[in-house]
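All remarks here apply to the structure that follows.
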Protein chains: 2
Amino acid sequence: MLDVKSPPADLERLARWLKVLAEPTRLYIFHLIMEGYQCNCVLGSDLGIPANLVSYHLRALRKAGLVDMQRDPTDARWVYYSVNEEALAALNKALGGFFDPERIQPRRTICGPQDTILDVNEIEFNSGDQT
Amino acid sequence: MLDVKSPPADLERLARWLKVLAEPTRLYIFHLIMEGYQCNCVLGSDLGIPANLVSYHLRALRKAGLVDMQRDPTDARWVYYSVNEEALAALNKALGGFFDPERIQPRRTICGPQDTILDVNEIEFNSGDQT
DNA sequence: TATATACTTCAACTATCATTGAAGTATATT
DNA sequence: AATATACTTCAATGATAGTTGAAGTATATA
């Protein structure tokens, strides 16, 4: 028996991760880091945005624990960013758990007209006009 | 050979999905729908928020294609929401593809001091102070 | 026909957050 | 010591989007 009323403890953490990654520019930055483009300057020039904005987004990713930073050992002015693999694994686990199709339950009969004993499979679906 | 410069076509779509789901209240609503709580009233009472706000979030989820709506066949006042399983499958595929750890590449040597021939495995990592 | 229910839409407010330009920090080079 | 480079921090702006309360729509019941 599932306890649905209590919000999952992971839900808030997942929402935080999603929020950080939901920003298109930031998602693209994360993508570039995964692909091996990891210094501030290249990220900025590749995206066509000022360096300080890249810093801003990188900081958000770092605060979320998704990326790490390292300074160049020979020239400490250069900073390289990399994906935190543990965080990525945790993220994947959280995503896979939350969006697991197996979790989908048939509608609970706690709302709707009382005399409606429904057969879920017989209800016609319509996606709505989406206006 | 990977073409990294071109932003993936899926990236924008993924960002849209993430943005819709990144809102904690909305994520919780989506969770409740997966668990079988699918009418507006229950969602609202369970979350302790007004019905119109639930409508607002449900509309966002519907516009993103993540949920469908259906009216009660015997009493058309009641509306039930359900997860669009095709969209969920597509979402899972997109997430799995994008956050695949296998995609992580070592740093490209197009930035940094020119004389730095680096061995990626020897660079010390530090997560930053995260302030 | 009048009232109640379930839900949606609307307009206004508010808060959050991405963006911008300038100033600041740290390191390296001349 | 002075300048340049790589990057970060700061303050201010602007846009997006969640929240609220009231009005509106559609269906059902008395």
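By order in the structure tokens, chains are A, B, ...; within a chain, residues start at 1; ligands start at 1, following the order shown.
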
Could you build a table of the residues in chain C lying no more than 8 Å from chain B, giving for each the nearest pair of atoms and their separation in Å rounded to one decimal place, using only C-alpha atoms (C1' of nucleotides), ordered by chain and ascending residue number, as JSON lines?
{"residue": "C:DT5", "atom": "C1'", "partner": "B:Arg77", "partner_atom": "CA", "distance": 7.8}
{"residue": "C:DA6", "atom": "C1'", "partner": "B:Arg77", "partner_atom": "CA", "distance": 5.3}
{"residue": "C:DC7", "atom": "C1'", "partner": "B:Arg77", "partner_atom": "CA", "distance": 7.3}
{"residue": "C:DT8", "atom": "C1'", "partner": "B:Ser55", "partner_atom": "CA", "distance": 7.1}

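Across region 18-130 of chain B, DSSP run on the backbone finds strand (DSSP E or B) at B:Cys39, B:Val67, B:Asp68, B:Met69, B:Gln70, B:Arg71, B:Val79, B:Tyr80, B:Tyr81, B:Ser82, B:Val83, B:Asn126.
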
Quiz item: Can you list, as a PyMOL selection string, every protein, DNA or RNA residue that comes within 6 Å of region 18-27 of chain B when you count only C-alpha atoms (C1' of nucleotides), leaving out same-chain residues fewer than 3 positions away?
Solution: (chain A and resi 15+18-19+22) or (chain B and resi 15+30+57)

Would you export the selected residues with N, CA and C atoms as a short mmCIF file (atom, residue, chain, number, x, y, z; two decimals), in the first residue's frame, please?
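That gives us result01.cif:
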data_model
loop_
_atom_site.label_atom_id
_atom_site.label_comp_id
_atom_site.auth_asym_id
_atom_site.auth_seq_id
_atom_site.Cartn_x
_atom_site.Cartn_y
_atom_site.Cartn_z
N ALA A 15 13.08 18.73 -7.61
CA ALA A 15 12.61 20.00 -8.17
C ALA A 15 13.75 21.01 -8.26
N LEU A 18 15.87 20.05 -11.20
CA LEU A 18 15.17 20.35 -12.44
C LEU A 18 15.19 21.84 -12.73
N LYS A 19 15.02 22.62 -11.68
CA LYS A 19 14.98 24.08 -11.86
C LYS A 19 16.32 24.60 -12.40
N ALA A 22 16.58 23.53 -16.04
CA ALA A 22 15.47 23.92 -16.92
C ALA A 22 15.81 25.16 -17.74
N ALA B 15 14.45 21.28 -22.40
CA ALA B 15 14.42 22.42 -21.47
C ALA B 15 12.98 22.82 -21.16
N PHE B 30 1.94 16.42 -10.56
CA PHE B 30 2.24 15.34 -11.52
C PHE B 30 2.43 14.02 -10.78
N HIS B 57 -1.77 25.09 -13.05
CA HIS B 57 -0.65 24.16 -13.20
C HIS B 57 -0.99 22.99 -14.11
#

Quiz item: Expressed in Å to a single decimal, how great is the separation between CA of Arg103 (chain A) and CA of Tyr28 (chain B)?
Solution: 13.9 Å

Self-check item: Which of B:Ala87, B:Ala64, B:Ile110, B:Leu14 sits closest to Val42 (chain A) [using only C-alpha atoms]
Solution: B:Ile110

Quiz item: What are the DSSP alpha helix (DSSP H) residues of region 12-101 of chain A, as number ranges by chain?
Solution: A: 12-22, 24-35, 40-47, 51-63, 85-98

Got time to write the residues from that selection, C-alpha atoms, as a short mmCIF file (atom, residue, chain, number, x, y, z; two decimals), in the first residue's frame?
data_model
loop_
_atom_site.label_atom_id
_atom_site.label_comp_id
_atom_site.auth_asym_id
_atom_site.auth_seq_id
_atom_site.Cartn_x
_atom_site.Cartn_y
_atom_site.Cartn_z
CA GLU A 12 11.99 18.85 -3.33
CA ARG A 13 15.54 17.93 -4.16
CA LEU A 14 14.47 16.74 -7.57
CA ALA A 15 12.61 20.00 -8.17
CA ARG A 16 15.76 21.93 -7.28
CA TRP A 17 17.81 19.96 -9.77
CA LEU A 18 15.17 20.35 -12.44
CA LYS A 19 14.98 24.08 -11.86
CA VAL A 20 18.71 24.50 -12.32
CA LEU A 21 18.69 22.48 -15.52
CA ALA A 22 15.47 23.92 -16.92
CA PRO A 24 18.05 26.63 -21.74
CA THR A 25 21.36 28.48 -21.58
CA ARG A 26 22.37 26.58 -18.47
CA LEU A 27 21.30 23.25 -19.93
CA TYR A 28 23.41 24.00 -22.98
CA ILE A 29 26.37 24.88 -20.77
CA PHE A 30 25.96 21.60 -18.93
CA HIS A 31 25.81 19.86 -22.27
CA LEU A 32 29.04 21.51 -23.42
CA ILE A 33 30.76 20.53 -20.20
CA MET A 34 29.72 16.92 -20.73
CA GLU A 35 31.13 17.14 -24.23
CA ASN A 40 34.61 29.72 -19.01
CA CYS A 41 35.96 31.52 -22.07
CA VAL A 42 35.09 28.82 -24.58
CA LEU A 43 31.66 28.33 -23.12
CA GLY A 44 31.03 32.05 -23.41
CA SER A 45 32.29 32.41 -26.95
CA ASP A 46 30.47 29.31 -28.04
CA LEU A 47 27.20 30.59 -26.65
CA ALA A 51 31.72 35.74 -19.53
CA ASN A 52 30.09 36.98 -16.37
CA LEU A 53 26.81 35.41 -17.42
CA VAL A 54 28.57 32.12 -17.92
CA SER A 55 30.00 32.51 -14.42
CA TYR A 56 26.53 33.12 -13.09
CA HIS A 57 25.15 29.95 -14.63
CA LEU A 58 28.17 27.89 -13.67
CA ARG A 59 27.77 29.03 -10.11
CA ALA A 60 24.18 27.83 -10.13
CA LEU A 61 25.26 24.45 -11.46
CA ARG A 62 28.00 24.28 -8.83
CA LYS A 63 25.65 25.19 -6.01
CA GLU A 85 29.64 12.07 -11.69
CA GLU A 86 28.22 11.10 -8.33
CA ALA A 87 25.62 13.83 -8.61
CA LEU A 88 24.85 12.78 -12.16
CA ALA A 89 24.32 9.21 -11.00
CA ALA A 90 22.05 10.39 -8.20
CA LEU A 91 20.15 12.58 -10.64
CA ASN A 92 19.65 9.70 -13.04
CA LYS A 93 18.45 7.52 -10.21
CA ALA A 94 15.99 10.16 -9.02
CA LEU A 95 14.70 10.79 -12.53
CA GLY A 96 14.35 7.11 -13.30
CA GLY A 97 12.49 6.52 -10.05
CA PHE A 98 10.17 9.45 -10.33
#

Quiz item: Which residues of chain D are close to chain B, meaning at most 10 Å apart when you count only C-alpha atoms (C1' of nucleotides), and how do they look as a PyMOL selection string?
Solution: chain D and resi 6+18-20+26-28

Practice problem: Might you pull out every residue within 12 Å of DA2 (chain D), with only C-alpha atoms (C1' of nucleotides) counted and same-chain residues fewer than 2 positions away left off, and present them as a ChimeraX atom specification? | Solution: /C:29-30 /D:4
